[in-house]
Number of protein chains: 2
Amino acid sequence: MGKPDGLMTFFEPRGVAVIGARGSPGFGYGIPLVLKRNGWGDRLFLVNPRGGMLHGMKLHRSIEDVPGEVDLAVIIVPAPSVVEVLDRVGSRGIRHAIIESAGFAETGPEGRKLQDAALEAARRHGIRVIGPNCVGVVNTANRFSTIEVIDEAMERGSTGIIAQSGVFGAIMLDMLHEHQLYVSKAVTLGNRVDVDECDMLDLFCDDPSVSVIMMYIEGTADGSKLRQSLHRLAGIKPVLVLKTGRSARGREATLSHTASLSGEDDVYRGILRQFGAARAESLEELIEMARVFATQPPPAGRHLAVITSSGSLGVMATDTAVARGLEVPELSRDTARRVLEGSPGWMNVRNPIDVGPSAQFPVALKAALEDPAIDMVLAITVLPYAIFRAVTAKGSTGENWFGDIGAIKAANPGKPLAVCAVGHQDFVRRMRALSGTSVPVFVSPEPAVKALASLYEYSVFLDRSAGC
Amino acid sequence: MGKPDGLMTFFEPRGVAVIGARGSPGFGYGIPLVLKRNGWGDRLFLVNPRGGMLHGMKLHRSIEDVPGEVDLAVIIVPAPSVVEVLDRVGSRGIRHAIIESAGFAETGPEGRKLQDAALEAARRHGIRVIGPNCVGVVNTANRFSTIEVIDEAMERGSTGIIAQSGVFGAIMLDMLHEHQLYVSKAVTLGNRVDVDECDMLDLFCDDPSVSVIMMYIEGTADGSKLRQSLHRLAGIKPVLVLKTGRSARGREATLSHTASLSGEDDVYRGILRQFGAARAESLEELIEMARVFATQPPPAGRHLAVITSSGSLGVMATDTAVARGLEVPELSRDTARRVLEGSPGWMNVRNPIDVGPSAQFPVALKAALEDPAIDMVLAITVLPYAIFRAVTAKGSTGENWFGDIGAIKAANPGKPLAVCAVGHQDFVRRMRALSGTSVPVFVSPEPAVKALASLYEYSVFLDRSAGC
C-alpha cells in the first residue's frame, strides 16, 4: 500500500466509494462513468440515499451497505452534508477521502465554518483528506481517476502534476497530450484542509514512475514545510513551479478562489531558487519547460549551437540565448570543416549555422551534436510551405531536407536538443513526426531557447549541489 | 498607377516579366505557376534564353522580345548575371525590378561588389529595386504575388507586412491565416540596395487597404529616415515592430544573413517609443499583438475586467495585467448587482469575475462591456473537455455556457475584448467559432493580457499626440 503515511492509497485504492453518485449532470454522474470506463467497475461502489441504479450499477443507500475492500471515499454531496458523510465514512473504516464539493472557505465565513467542522470530523476518524473544492487524482498506471478526464489524458507518462485548482488540473489534462506531455500521476488539492502540495512533493519524490514534477500553486500554508519538501527533492528530480498571486491584486483574487494566503512573491522566489526549483512565468512557459525537462538531459555547460534554415529565426534565437545567459560560441574548426564539405559557396558556417535552402541541415545537426565544445543544440527547421508541399508530394517525409532528426538525436542522447518548426501547421506536424517523441518541437524560437536556458540553470544547480 | 514615386507599381504592375523562368525546381519554376494560378496568365511574360515552353506558356529568349505593357521585372538569374539583366530591363523601359537572386553582400566582399554593380546599373536606368536576396511582394487585392504562397495566404485582409528576410516573410504568410490574420500587402526587402522599410512604411501609411503594419527588421541603414517615416505614421495607423539583433552576438549573425548593420538596440527602443510604434519581444508576441490591433479599438483607459470560469487563470491574468501597468478595479455596484442576479450563492462578484461552472458567463461579459468604469475586457472561457463534450453532444455550440460572444461584442464595438480559451484543441476551436472574426481568441491568459496592454499603451500615445 505504498508509503507509511498511506498517501499512495489516494492513487491506488483497493476499492472506491463514490458518495453522491446520481443520474443528473455533474460529477456524481460523470465520475462513476469514467471509473467504469477505465476498468474499475468491480472495485467501484456508488452511494445515494435514494437507491436505484446508475450506469447499470447498484446505488447503495448508505456507505454502511457497501461491501468489499474499500479504502477511498470520493465525496460529492453538498457542503452542509459533508460532516455527516465523513462520520459515516470513518465508521465504515475508510481512512482516505477526496472531498470534491465546493462551498467551503472559498465562499466566506459560513463556508469556513463548514470546512473547519469537516476537518474536525476527519481528524476524529483519522481520515486523510484531499480537498474540499477539488477534483481529486489521476493515476495512469492503474487507470484510476476521480477526474472526468478524456481517454487521451490516461496515456502513461512520467510527469507528476500538482495543481491547486480542480478546473485548472482538469484542463491541463485536456491539453498536455497535445504537447506530447504524458502524465504519471496528477492531483488537484483545492482548499487543502489536510493533504497539501508538500505531501505530494514528498510522495512524488519517492515515486519512480514520476521523473519531472509540474506544480501550480497560488500560495502555501506553511513555508518551512515547502522548504523541506523542496530540499528533499533537490537534485533528485526537477520541480517546475507556476506560482501566481505575484501582484497584490492577484493575491486578493486567490483568496476568493481557493482561500489561499499566497504571501509575498519575493519569499517564494527565494525559496524556489535556493532549492533549484524552476519557476515558470506563465502557463505556456510551464508547459514548454516541462516538455524539455521531461525529454532532455541536463547540459554540461552553457554553449548553444543553433542550426537554422532561416537566418532571421537564428538571430531571434541568439538574442534570447544571450539574454538568458547562454553563449552561442564560434564553431570549432573541425565542426566548421564538416559542415562546409559539400555545402554551397554562399553558406556561412558560423553559429547560428544558417544552412539556408541547402542539403546541409542534417550534416550540421550531427556535427554540432558531436562537437565537444557544444553543450546543447537548437534546430530551427523552416521551409516555405509551397516548396515543402512540392517536395512531400513526391513521397518524401521532409527527411531529405532536415534528416531523420529523431535518429540523429538517438545517436547523441547525452546532449539536449530542441526543434523549432515555424510555418504552416501541416509543416509543423511533419516536423513533429520527423523528430519523434524524444525531441520537443516548438513553434517559435524564443520559447525553445528559454526552456533550454531553464534546463541549463537546473544543471548549474545540480553541479553546485554535487559540489557541496 | 498609385504613388508619385511609383512604388505602388511593385504591387500593381500592368504586366510582369519573370526573368530566369525555368523547368527545374526553384523560384524560376514556382513563381510563374503561382502567378498563373492567381489569374495573371495574360499579363505574365516568361524569359529564358533557351526558349521553349513552361506551364503551357512561351519562354521568350530575351526581355526585348516580350510584348505588351510590362512595368515590373522579377529577376531570378544567378548573381553574376544580374547587372546584364538590369541593363536589358532598363533598355526595355521597365522601371521596377524585384531581384530575388541571392549571392550578394550577405556572402562577403565578392558578393558586395556584385551588389554595388547591380545598384549602379539600376541607377543608370532609373530602375527602382526591391532586393536582392528577397522574395518580393504579395498584394491580395489583385492576387498578385512574386512569392510562392499557398492559396490561404491570398485571402484579403488589412494587415501590411514588411519583412527583411524572404524566408521569414514566406513562413509568416504560411501561418498568419491560422491565427485569423489576413494580409493586404506584404513585402520582403532582402539586402535593400534601394527600396527599404521606410519607403514601405510611407507607402502603407497612405494605403487605405492597410490598417495595421507588422514589421520585422534586423536593422536599418538610415535611422533618421526611419524616424521620419514613423513620425508620419504616428497616430494614423499602428506599427508593430519585431527588431532583432538585440544582442551583440545576434547582430553578428544578422551581418552574415542580410548584410544588415543592426545598430545598438537602445537607439531603436528610443525611436520606436517616441513615435508610438509597439515593439514585440518575440515572434509570438508580434503575432499576438497584431491579432488584437487588427480587430480591437484602442481602450479609453487602463481598467481591465476579467471574466473567467477558472479562478486560477483569472489570477494569472491579473498578475500579468498589474505587471504591465493595467488596473483590475473593483466592479461598480450596478455591474455587481447585474452579475449577481440569478447567480449561485457561492459566486464571488469581484474582478476577476469568477463565474465558475454557472450560467452567468454571458451576463457578466455583457455587464462588464457596458460598465462605463471598465475600458477593456478579457473573457477566459474554460470548461473541462469531458463536460464540454457531453454538453455539445446534445447539439449545443457552447453558446448556452458562454453566450454568443461574437454577438455580445458586436453590440459593444467600442471596447476591446479578447478571449482566452484554454484546454482541448476541439474546445479552443469551438470557442473560436463562438467568438467570430472580430474577437481574437488566445490559448493562454498572459499573452492575451500583454496584447491588450500594448493596445492600451498605444492608446496613451494617441491621447498624448492628440493633446499636443
# chains A, B, ... in the order shown; residues from 1 in each chain; ligands from 1

call {"tool": "closest_atom_pairs", "arguments": {"of": "chain A", "to": "chain B", "cutoff": "7 Å", "atoms": "only C-alpha atoms", "output": "Markdown table"}}
result
| residue | atom | partner | partner_atom | distance |
| --- | --- | --- | --- | --- |
| A:Gly103 | CA | B:Trp346 | CA | 6.1 |
| A:Thr107 | CA | B:Trp346 | CA | 5.5 |
| A:Glu148 | CA | B:Ala386 | CA | 5.9 |
| A:Val149 | CA | B:Ala386 | CA | 6.0 |
| A:Ile150 | CA | B:Ala386 | CA | 5.9 |
| A:Ser165 | CA | B:Ser312 | CA | 6.6 |
| A:Val167 | CA | B:Ser310 | CA | 6.3 |
| A:Phe168 | CA | B:Ser312 | CA | 6.6 |
| A:Ala170 | CA | B:Pro384 | CA | 5.7 |
| A:Ile171 | CA | B:Gly423 | CA | 4.8 |
| A:Met172 | CA | B:Gly423 | CA | 6.6 |
| A:Asp174 | CA | B:His424 | CA | 4.9 |
| A:Met175 | CA | B:His424 | CA | 4.9 |
| A:Thr244 | CA | B:Met316 | CA | 6.0 |
| A:Gly245 | CA | B:Val315 | CA | 6.3 |
| A:Arg246 | CA | B:Asp319 | CA | 5.7 |
| A:Ser247 | CA | B:Asp319 | CA | 5.2 |
| A:Arg249 | CA | B:Thr318 | CA | 6.8 |
| A:Gly250 | CA | B:Val315 | CA | 5.1 |
| A:Ala253 | CA | B:Val315 | CA | 6.0 |
| A:Thr254 | CA | B:Val315 | CA | 6.5 |
| A:Ser256 | CA | B:Asn348 | CA | 6.8 |
| A:His257 | CA | B:Gly311 | CA | 5.5 |
| A:Ser282 | CA | B:Glu446 | CA | 6.4 |
| A:Leu283 | CA | B:Ser444 | CA | 6.6 |
| A:Glu284 | CA | B:Ser444 | CA | 6.6 |
| A:Ser310 | CA | B:Val167 | CA | 6.3 |
| A:Gly311 | CA | B:His257 | CA | 5.6 |
| A:Ser312 | CA | B:Phe168 | CA | 6.5 |
| A:Val315 | CA | B:Gly250 | CA | 5.1 |
| A:Met316 | CA | B:Thr244 | CA | 6.0 |
| A:Thr318 | CA | B:Gly250 | CA | 5.3 |
| A:Asp319 | CA | B:Ser247 | CA | 5.2 |
| A:Val322 | CA | B:Ser247 | CA | 6.6 |
| A:Trp346 | CA | B:Thr107 | CA | 5.5 |
| A:Asn348 | CA | B:Ser256 | CA | 6.8 |
| A:Pro352 | CA | B:Ala253 | CA | 6.8 |
| A:Pro384 | CA | B:Ile171 | CA | 5.4 |
| A:Tyr385 | CA | B:Asp174 | CA | 6.4 |
| A:Ala386 | CA | B:Ile150 | CA | 5.9 |
| A:Val422 | CA | B:Ile171 | CA | 6.9 |
| A:Gly423 | CA | B:Ile171 | CA | 4.9 |
| A:His424 | CA | B:Met175 | CA | 4.9 |
| A:Ser444 | CA | B:Glu284 | CA | 6.6 |
| A:Glu446 | CA | B:Ser282 | CA | 6.4 |

call {"tool": "write_last_selection", "arguments": {"atoms": "C-alpha atoms", "output": "PDB file, in the first residue's frame"}}
result
ATOM      1  CA  GLY A 103     -18.969  25.825  -0.873  1.00  0.00           C
ATOM      2  CA  THR A 107     -17.076  31.356  -0.265  1.00  0.00           C
ATOM      3  CA  GLU A 148     -13.686  13.278 -15.600  1.00  0.00           C
ATOM      4  CA  VAL A 149     -10.760  13.011 -17.975  1.00  0.00           C
ATOM      5  CA  ILE A 150     -10.717  12.190 -21.639  1.00  0.00           C
ATOM      6  CA  SER A 165      -7.361  24.287  -8.538  1.00  0.00           C
ATOM      7  CA  VAL A 167     -10.611  23.183 -13.037  1.00  0.00           C
ATOM      8  CA  PHE A 168      -7.011  24.072 -13.775  1.00  0.00           C
ATOM      9  CA  ALA A 170      -8.669  19.200 -15.453  1.00  0.00           C
ATOM     10  CA  ILE A 171      -7.866  21.494 -18.369  1.00  0.00           C
ATOM     11  CA  MET A 172      -4.169  20.693 -18.066  1.00  0.00           C
ATOM     12  CA  ASP A 174      -7.189  18.074 -21.526  1.00  0.00           C
ATOM     13  CA  MET A 175      -4.261  19.745 -23.263  1.00  0.00           C
ATOM     14  CA  THR A 244       0.622  33.019  -9.135  1.00  0.00           C
ATOM     15  CA  GLY A 245      -0.580  35.802  -6.887  1.00  0.00           C
ATOM     16  CA  ARG A 246       2.569  37.757  -7.841  1.00  0.00           C
ATOM     17  CA  SER A 247       0.641  41.019  -7.594  1.00  0.00           C
ATOM     18  CA  ARG A 249      -4.439  42.344  -6.801  1.00  0.00           C
ATOM     19  CA  GLY A 250      -3.775  38.769  -7.874  1.00  0.00           C
ATOM     20  CA  ALA A 253      -8.253  37.058  -6.266  1.00  0.00           C
ATOM     21  CA  THR A 254      -6.705  33.831  -4.953  1.00  0.00           C
ATOM     22  CA  SER A 256     -11.824  34.203  -3.102  1.00  0.00           C
ATOM     23  CA  HIS A 257     -10.826  31.292  -5.285  1.00  0.00           C
ATOM     24  CA  SER A 282       3.358  31.900 -17.431  1.00  0.00           C
ATOM     25  CA  LEU A 283       1.177  28.900 -18.165  1.00  0.00           C
ATOM     26  CA  GLU A 284       2.762  28.490 -21.585  1.00  0.00           C
ATOM     27  CA  SER A 310      16.205  30.806 -41.705  1.00  0.00           C
ATOM     28  CA  GLY A 311      18.730  33.457 -40.773  1.00  0.00           C
ATOM     29  CA  SER A 312      16.073  35.640 -39.132  1.00  0.00           C
ATOM     30  CA  VAL A 315      19.049  35.805 -34.896  1.00  0.00           C
ATOM     31  CA  MET A 316      15.909  35.703 -32.704  1.00  0.00           C
ATOM     32  CA  THR A 318      20.605  34.128 -30.466  1.00  0.00           C
ATOM     33  CA  ASP A 319      19.127  37.267 -28.896  1.00  0.00           C
ATOM     34  CA  VAL A 322      22.270  35.805 -24.767  1.00  0.00           C
ATOM     35  CA  TRP A 346      27.206  31.126 -50.212  1.00  0.00           C
ATOM     36  CA  ASN A 348      28.151  30.987 -43.760  1.00  0.00           C
ATOM     37  CA  PRO A 352      23.966  30.215 -35.799  1.00  0.00           C
ATOM     38  CA  PRO A 384       8.091  27.829 -47.154  1.00  0.00           C
ATOM     39  CA  TYR A 385       5.091  25.557 -47.377  1.00  0.00           C
ATOM     40  CA  ALA A 386       4.623  25.843 -51.138  1.00  0.00           C
ATOM     41  CA  VAL A 422       7.776  27.631 -37.830  1.00  0.00           C
ATOM     42  CA  GLY A 423       5.173  27.894 -40.551  1.00  0.00           C
ATOM     43  CA  HIS A 424       2.105  26.088 -41.808  1.00  0.00           C
ATOM     44  CA  SER A 444       8.614  29.754 -32.167  1.00  0.00           C
ATOM     45  CA  GLU A 446      12.251  32.211 -28.183  1.00  0.00           C
TER      46      GLU A 446
END

call {"tool": "residues_around", "arguments": {"residues": "Val210 (chain A)", "least_positions_apart": "6", "cutoff": "7 Å", "atoms": "only C-alpha atoms", "output": "PyMOL selection string"}}
result
chain A and resi 158-160+184+204

call {"tool": "write_last_selection", "arguments": {"atoms": "N, CA and C atoms", "output": "PDB file, in the first residue's frame"}}
result
ATOM      1  N   SER A 158       5.544  10.142 -17.542  1.00  0.00           N
ATOM      2  CA  SER A 158       6.367  10.243 -16.340  1.00  0.00           C
ATOM      3  C   SER A 158       6.260  11.601 -15.655  1.00  0.00           C
ATOM      4  N   THR A 159       5.287  12.399 -16.061  1.00  0.00           N
ATOM      5  CA  THR A 159       5.112  13.716 -15.453  1.00  0.00           C
ATOM      6  C   THR A 159       4.177  13.624 -14.252  1.00  0.00           C
ATOM      7  N   GLY A 160       4.569  14.204 -13.148  1.00  0.00           N
ATOM      8  CA  GLY A 160       3.702  14.331 -11.987  1.00  0.00           C
ATOM      9  C   GLY A 160       3.134  15.735 -11.940  1.00  0.00           C
ATOM     10  N   SER A 184       2.104  10.684 -15.248  1.00  0.00           N
ATOM     11  CA  SER A 184       2.140   9.528 -14.371  1.00  0.00           C
ATOM     12  C   SER A 184       0.999   9.669 -13.355  1.00  0.00           C
ATOM     13  N   PHE A 204       5.778  12.184  -4.594  1.00  0.00           N
ATOM     14  CA  PHE A 204       6.337  12.091  -5.954  1.00  0.00           C
ATOM     15  C   PHE A 204       7.858  11.948  -5.906  1.00  0.00           C
TER      16      PHE A 204
END

call {"tool": "closest_residue", "arguments": {"among": "B:Trp40, B:Phe442, B:Tyr456, B:Phe144", "to": "Gln296 (chain B)", "atoms": "only C-alpha atoms"}}
result
B:Tyr456

call {"tool": "residues_around", "arguments": {"residues": "Tyr458 (chain B)", "least_positions_apart": "3", "cutoff": "12 Å", "atoms": "only C-alpha atoms", "output": "PyMOL selection string"}}
result
chain B and resi 234-240+272-279+289+292-293+296-302+451-455+461-465

call {"tool": "closest_residue", "arguments": {"among": "A:Ile130, A:Val187, A:Leu201, A:Val460", "to": "Ser101 (chain A)", "atoms": "only C-alpha atoms"}}
result
A:Ile130

call {"tool": "residues_around", "arguments": {"residues": "Arg192 (chain A)", "least_positions_apart": "5", "cutoff": "9 Å", "atoms": "only C-alpha atoms", "output": "JSON, numbers by chain"}}
result
{"A": [129, 130, 131, 132, 133, 134, 164, 197, 221, 258]}

call {"tool": "write_last_selection", "arguments": {"atoms": "all heavy atoms", "output": "mmCIF file, in the first residue's frame"}}
result
data_model
loop_
_atom_site.group_PDB
_atom_site.id
_atom_site.type_symbol
_atom_site.label_atom_id
_atom_site.label_comp_id
_atom_site.auth_asym_id
_atom_site.auth_seq_id
_atom_site.Cartn_x
_atom_site.Cartn_y
_atom_site.Cartn_z
ATOM 1 N N VAL A 129 -7.527 13.645 4.071
ATOM 2 C CA VAL A 129 -8.461 14.299 3.150
ATOM 3 C C VAL A 129 -7.719 15.066 2.058
ATOM 4 O O VAL A 129 -6.792 15.830 2.350
ATOM 5 C CB VAL A 129 -9.381 15.277 3.926
ATOM 6 C CG1 VAL A 129 -10.233 16.107 2.953
ATOM 7 C CG2 VAL A 129 -10.278 14.516 4.891
ATOM 8 N N ILE A 130 -8.144 14.869 0.814
ATOM 9 C CA ILE A 130 -7.768 15.780 -0.279
ATOM 10 C C ILE A 130 -8.981 16.649 -0.576
ATOM 11 O O ILE A 130 -10.086 16.138 -0.754
ATOM 12 C CB ILE A 130 -7.335 15.003 -1.546
ATOM 13 C CG1 ILE A 130 -5.984 14.309 -1.299
ATOM 14 C CG2 ILE A 130 -7.232 15.938 -2.741
ATOM 15 C CD1 ILE A 130 -5.470 13.520 -2.500
ATOM 16 N N GLY A 131 -8.801 17.954 -0.609
ATOM 17 C CA GLY A 131 -9.894 18.871 -0.875
ATOM 18 C C GLY A 131 -10.199 19.705 0.347
ATOM 19 O O GLY A 131 -9.325 19.868 1.203
ATOM 20 N N PRO A 132 -11.403 20.224 0.500
ATOM 21 C CA PRO A 132 -12.508 20.189 -0.469
ATOM 22 C C PRO A 132 -12.262 21.136 -1.641
ATOM 23 O O PRO A 132 -11.193 21.698 -1.735
ATOM 24 C CB PRO A 132 -13.692 20.670 0.378
ATOM 25 C CG PRO A 132 -13.091 21.570 1.404
ATOM 26 C CD PRO A 132 -11.724 21.006 1.691
ATOM 27 N N ASN A 133 -13.281 21.262 -2.508
ATOM 28 C CA ASN A 133 -13.222 22.185 -3.643
ATOM 29 C C ASN A 133 -12.109 21.766 -4.601
ATOM 30 O O ASN A 133 -11.255 22.572 -4.978
ATOM 31 C CB ASN A 133 -13.012 23.627 -3.117
ATOM 32 C CG ASN A 133 -13.068 24.688 -4.192
ATOM 33 O OD1 ASN A 133 -13.694 24.492 -5.235
ATOM 34 N ND2 ASN A 133 -12.418 25.816 -3.959
ATOM 35 N N CYS A 134 -12.099 20.489 -4.972
ATOM 36 C CA CYS A 134 -11.070 19.973 -5.875
ATOM 37 C C CYS A 134 -11.700 18.913 -6.783
ATOM 38 O O CYS A 134 -12.916 18.697 -6.735
ATOM 39 C CB CYS A 134 -9.929 19.340 -5.070
ATOM 40 S SG CYS A 134 -10.363 17.731 -4.362
ATOM 41 N N GLN A 164 -3.382 23.239 -7.603
ATOM 42 C CA GLN A 164 -4.237 23.623 -6.506
ATOM 43 C C GLN A 164 -5.696 23.579 -6.946
ATOM 44 O O GLN A 164 -6.541 22.976 -6.292
ATOM 45 C CB GLN A 164 -3.837 25.024 -6.046
ATOM 46 C CG GLN A 164 -4.343 25.333 -4.676
ATOM 47 C CD GLN A 164 -3.598 26.517 -4.074
ATOM 48 O OE1 GLN A 164 -2.466 26.812 -4.441
ATOM 49 N NE2 GLN A 164 -4.245 27.190 -3.157
ATOM 50 N N GLU A 197 0.456 20.475 -1.043
ATOM 51 C CA GLU A 197 1.434 20.287 -2.119
ATOM 52 C C GLU A 197 2.740 19.691 -1.582
ATOM 53 O O GLU A 197 3.435 18.972 -2.311
ATOM 54 C CB GLU A 197 1.684 21.600 -2.854
ATOM 55 C CG GLU A 197 2.297 22.723 -2.043
ATOM 56 C CD GLU A 197 1.290 23.429 -1.139
ATOM 57 O OE1 GLU A 197 0.102 23.042 -1.140
ATOM 58 O OE2 GLU A 197 1.699 24.346 -0.415
ATOM 59 N N ALA A 221 0.488 27.120 2.732
ATOM 60 C CA ALA A 221 0.104 27.460 4.109
ATOM 61 C C ALA A 221 1.329 27.522 5.007
ATOM 62 O O ALA A 221 1.380 28.273 5.969
ATOM 63 C CB ALA A 221 -0.892 26.427 4.640
ATOM 64 N N THR A 258 -9.365 29.874 -3.939
ATOM 65 C CA THR A 258 -9.076 28.656 -3.175
ATOM 66 C C THR A 258 -8.717 28.988 -1.733
ATOM 67 O O THR A 258 -8.079 28.208 -1.056
ATOM 68 C CB THR A 258 -7.932 27.852 -3.824
ATOM 69 O OG1 THR A 258 -6.872 28.734 -4.160
ATOM 70 C CG2 THR A 258 -8.394 27.118 -5.059
#

call {"tool": "select_by_dssp", "arguments": {"residues": "region 342-427 of chain B", "states": "strand (DSSP E or B)", "output": "list in words"}}
result
Asn348, Val349, Ile353, Asp354, Met376, Val377, Leu378, Ala379, Ile380, Thr381, Leu417, Ala418, Val419, Cys420 and Ala421 of chain B

call {"tool": "residues_around", "arguments": {"residues": "region 79-87 of chain B", "least_positions_apart": "4", "cutoff": "12 Å", "atoms": "only C-alpha atoms", "output": "short mmCIF file (atom, residue, chain, number, x, y, z; two decimals) with N, CA and C atoms, in the first residue's frame"}}
result
data_model
loop_
_atom_site.label_atom_id
_atom_site.label_comp_id
_atom_site.auth_asym_id
_atom_site.auth_seq_id
_atom_site.Cartn_x
_atom_site.Cartn_y
_atom_site.Cartn_z
N TRP A 346 27.73 29.97 -50.95
CA TRP A 346 27.21 31.13 -50.21
C TRP A 346 27.05 30.85 -48.73
N ALA B 17 7.31 40.57 -66.04
CA ALA B 17 8.21 39.64 -66.72
C ALA B 17 9.01 38.88 -65.66
N VAL B 18 9.04 37.54 -65.79
CA VAL B 18 9.85 36.74 -64.88
C VAL B 18 11.09 36.29 -65.63
N ILE B 19 12.22 36.85 -65.24
CA ILE B 19 13.47 36.60 -65.97
C ILE B 19 14.27 35.54 -65.22
N GLY B 20 14.43 34.39 -65.86
CA GLY B 20 15.03 33.24 -65.20
C GLY B 20 14.00 32.16 -64.94
N VAL B 47 10.87 34.70 -69.34
CA VAL B 47 12.09 34.90 -70.14
C VAL B 47 13.13 33.85 -69.75
N ASN B 48 13.65 33.18 -70.79
CA ASN B 48 14.79 32.26 -70.61
C ASN B 48 15.48 32.16 -71.95
N PRO B 49 16.79 32.46 -72.02
CA PRO B 49 17.48 32.50 -73.31
C PRO B 49 17.37 31.20 -74.10
N SER B 62 14.52 36.66 -74.82
CA SER B 62 15.11 37.89 -74.28
C SER B 62 13.99 38.81 -73.83
N ILE B 63 14.31 39.66 -72.86
CA ILE B 63 13.32 40.62 -72.38
C ILE B 63 12.88 41.55 -73.51
N GLU B 64 13.79 41.79 -74.49
CA GLU B 64 13.44 42.65 -75.61
C GLU B 64 12.29 42.06 -76.43
N LEU B 72 7.15 45.67 -64.52
CA LEU B 72 7.87 45.06 -63.40
C LEU B 72 8.63 43.83 -63.89
N ALA B 73 9.90 43.74 -63.51
CA ALA B 73 10.69 42.55 -63.82
C ALA B 73 11.01 41.82 -62.52
N VAL B 74 10.76 40.52 -62.51
CA VAL B 74 11.16 39.69 -61.37
C VAL B 74 12.39 38.91 -61.83
N ILE B 75 13.51 39.15 -61.17
CA ILE B 75 14.80 38.64 -61.66
C ILE B 75 15.26 37.48 -60.76
N SER B 91 16.71 48.99 -70.75
CA SER B 91 16.57 49.33 -72.16
C SER B 91 15.15 49.06 -72.67
N ARG B 92 14.52 48.06 -72.07
CA ARG B 92 13.15 47.70 -72.47
C ARG B 92 12.13 48.71 -71.88
N GLY B 93 12.64 49.64 -71.04
CA GLY B 93 11.75 50.68 -70.49
C GLY B 93 11.05 50.27 -69.21
N ILE B 94 11.50 49.17 -68.60
CA ILE B 94 10.90 48.73 -67.34
C ILE B 94 11.61 49.44 -66.19
N ARG B 95 10.86 50.00 -65.26
CA ARG B 95 11.45 50.85 -64.22
C ARG B 95 11.30 50.27 -62.80
N HIS B 96 10.86 49.01 -62.73
CA HIS B 96 10.73 48.36 -61.42
C HIS B 96 11.26 46.94 -61.51
N ALA B 97 12.12 46.58 -60.55
CA ALA B 97 12.68 45.22 -60.56
C ALA B 97 12.71 44.65 -59.15
N ILE B 98 12.29 43.40 -59.05
CA ILE B 98 12.47 42.66 -57.80
C ILE B 98 13.57 41.64 -58.06
N ILE B 99 14.70 41.80 -57.38
CA ILE B 99 15.82 40.87 -57.58
C ILE B 99 15.76 39.81 -56.47
N GLU B 100 15.35 38.60 -56.84
CA GLU B 100 15.21 37.54 -55.83
C GLU B 100 16.51 36.76 -55.63
N SER B 101 17.41 36.86 -56.59
CA SER B 101 18.67 36.12 -56.51
C SER B 101 19.42 36.43 -55.22
N ALA B 102 20.08 35.40 -54.65
CA ALA B 102 20.97 35.61 -53.51
C ALA B 102 22.41 35.61 -54.04
N GLY B 103 23.38 35.71 -53.12
CA GLY B 103 24.78 35.67 -53.54
C GLY B 103 25.38 37.06 -53.63
N PHE B 104 24.81 38.03 -52.90
CA PHE B 104 25.31 39.40 -52.93
C PHE B 104 26.05 39.72 -51.62
N ALA B 105 25.80 40.91 -51.08
CA ALA B 105 26.59 41.37 -49.93
C ALA B 105 26.54 40.41 -48.74
N GLU B 106 25.46 39.61 -48.65
CA GLU B 106 25.32 38.71 -47.49
C GLU B 106 26.37 37.60 -47.50
N THR B 107 27.08 37.43 -48.66
CA THR B 107 28.05 36.33 -48.72
C THR B 107 29.49 36.79 -48.54
N GLU B 110 33.13 39.66 -52.27
CA GLU B 110 32.86 39.44 -53.70
C GLU B 110 31.40 39.74 -54.01
N GLY B 111 30.54 39.26 -53.14
CA GLY B 111 29.11 39.50 -53.32
C GLY B 111 28.77 40.97 -53.23
N ARG B 112 29.47 41.66 -52.34
CA ARG B 112 29.20 43.10 -52.20
C ARG B 112 29.55 43.84 -53.49
N LYS B 113 30.62 43.42 -54.16
CA LYS B 113 30.98 44.05 -55.44
C LYS B 113 29.86 43.87 -56.47
N LEU B 114 29.33 42.63 -56.54
CA LEU B 114 28.23 42.36 -57.47
C LEU B 114 27.03 43.24 -57.13
N GLN B 115 26.80 43.40 -55.83
CA GLN B 115 25.64 44.19 -55.38
C GLN B 115 25.81 45.66 -55.76
N ASP B 116 27.02 46.19 -55.55
CA ASP B 116 27.28 47.58 -55.91
C ASP B 116 27.09 47.81 -57.41
N ALA B 117 27.57 46.84 -58.19
CA ALA B 117 27.43 46.96 -59.65
C ALA B 117 25.96 46.91 -60.06
N ALA B 118 25.18 46.09 -59.38
CA ALA B 118 23.75 45.99 -59.70
C ALA B 118 23.05 47.30 -59.39
N LEU B 119 23.40 47.88 -58.23
CA LEU B 119 22.78 49.16 -57.85
C LEU B 119 23.13 50.24 -58.88
N GLU B 120 24.41 50.23 -59.32
CA GLU B 120 24.84 51.23 -60.31
C GLU B 120 24.04 51.07 -61.61
N ALA B 121 23.87 49.83 -62.05
CA ALA B 121 23.10 49.56 -63.27
C ALA B 121 21.67 50.06 -63.12
N ALA B 122 21.08 49.77 -61.96
CA ALA B 122 19.70 50.19 -61.72
C ALA B 122 19.59 51.71 -61.77
N ARG B 123 20.55 52.39 -61.14
CA ARG B 123 20.51 53.86 -61.10
C ARG B 123 20.65 54.44 -62.51
N ARG B 124 21.55 53.79 -63.31
CA ARG B 124 21.77 54.23 -64.69
C ARG B 124 20.46 54.30 -65.46
N HIS B 125 19.59 53.31 -65.17
CA HIS B 125 18.34 53.22 -65.94
C HIS B 125 17.14 53.78 -65.17
N GLY B 126 17.37 54.29 -63.97
CA GLY B 126 16.24 54.78 -63.18
C GLY B 126 15.30 53.68 -62.74
N ILE B 127 15.86 52.50 -62.48
CA ILE B 127 15.03 51.38 -62.03
C ILE B 127 14.96 51.36 -60.51
N ARG B 128 13.75 51.31 -59.96
CA ARG B 128 13.60 51.09 -58.52
C ARG B 128 13.73 49.59 -58.26
N VAL B 129 14.47 49.24 -57.21
CA VAL B 129 14.78 47.83 -56.96
C VAL B 129 14.32 47.39 -55.57
N GLY B 131 15.18 44.20 -53.16
CA GLY B 131 16.12 43.11 -53.07
C GLY B 131 17.54 43.62 -53.11
N PRO B 132 18.51 42.83 -53.51
CA PRO B 132 18.38 41.40 -53.85
C PRO B 132 18.23 40.54 -52.59
N ASN B 133 18.23 39.20 -52.79
CA ASN B 133 18.17 38.26 -51.67
C ASN B 133 16.83 38.42 -50.93
#

call {"tool": "select_by_dssp", "arguments": {"residues": "region 255-343 of chain B", "states": "alpha helix (DSSP H)", "output": "number ranges by chain"}}
result
B: 255-258, 265-274, 283-295, 311-323, 333-340

call {"tool": "atom_distance", "arguments": {"atom1": "CA of Gln360 (chain B)", "atom2": "CA of Asp375 (chain B)"}}
result
20.6 Å
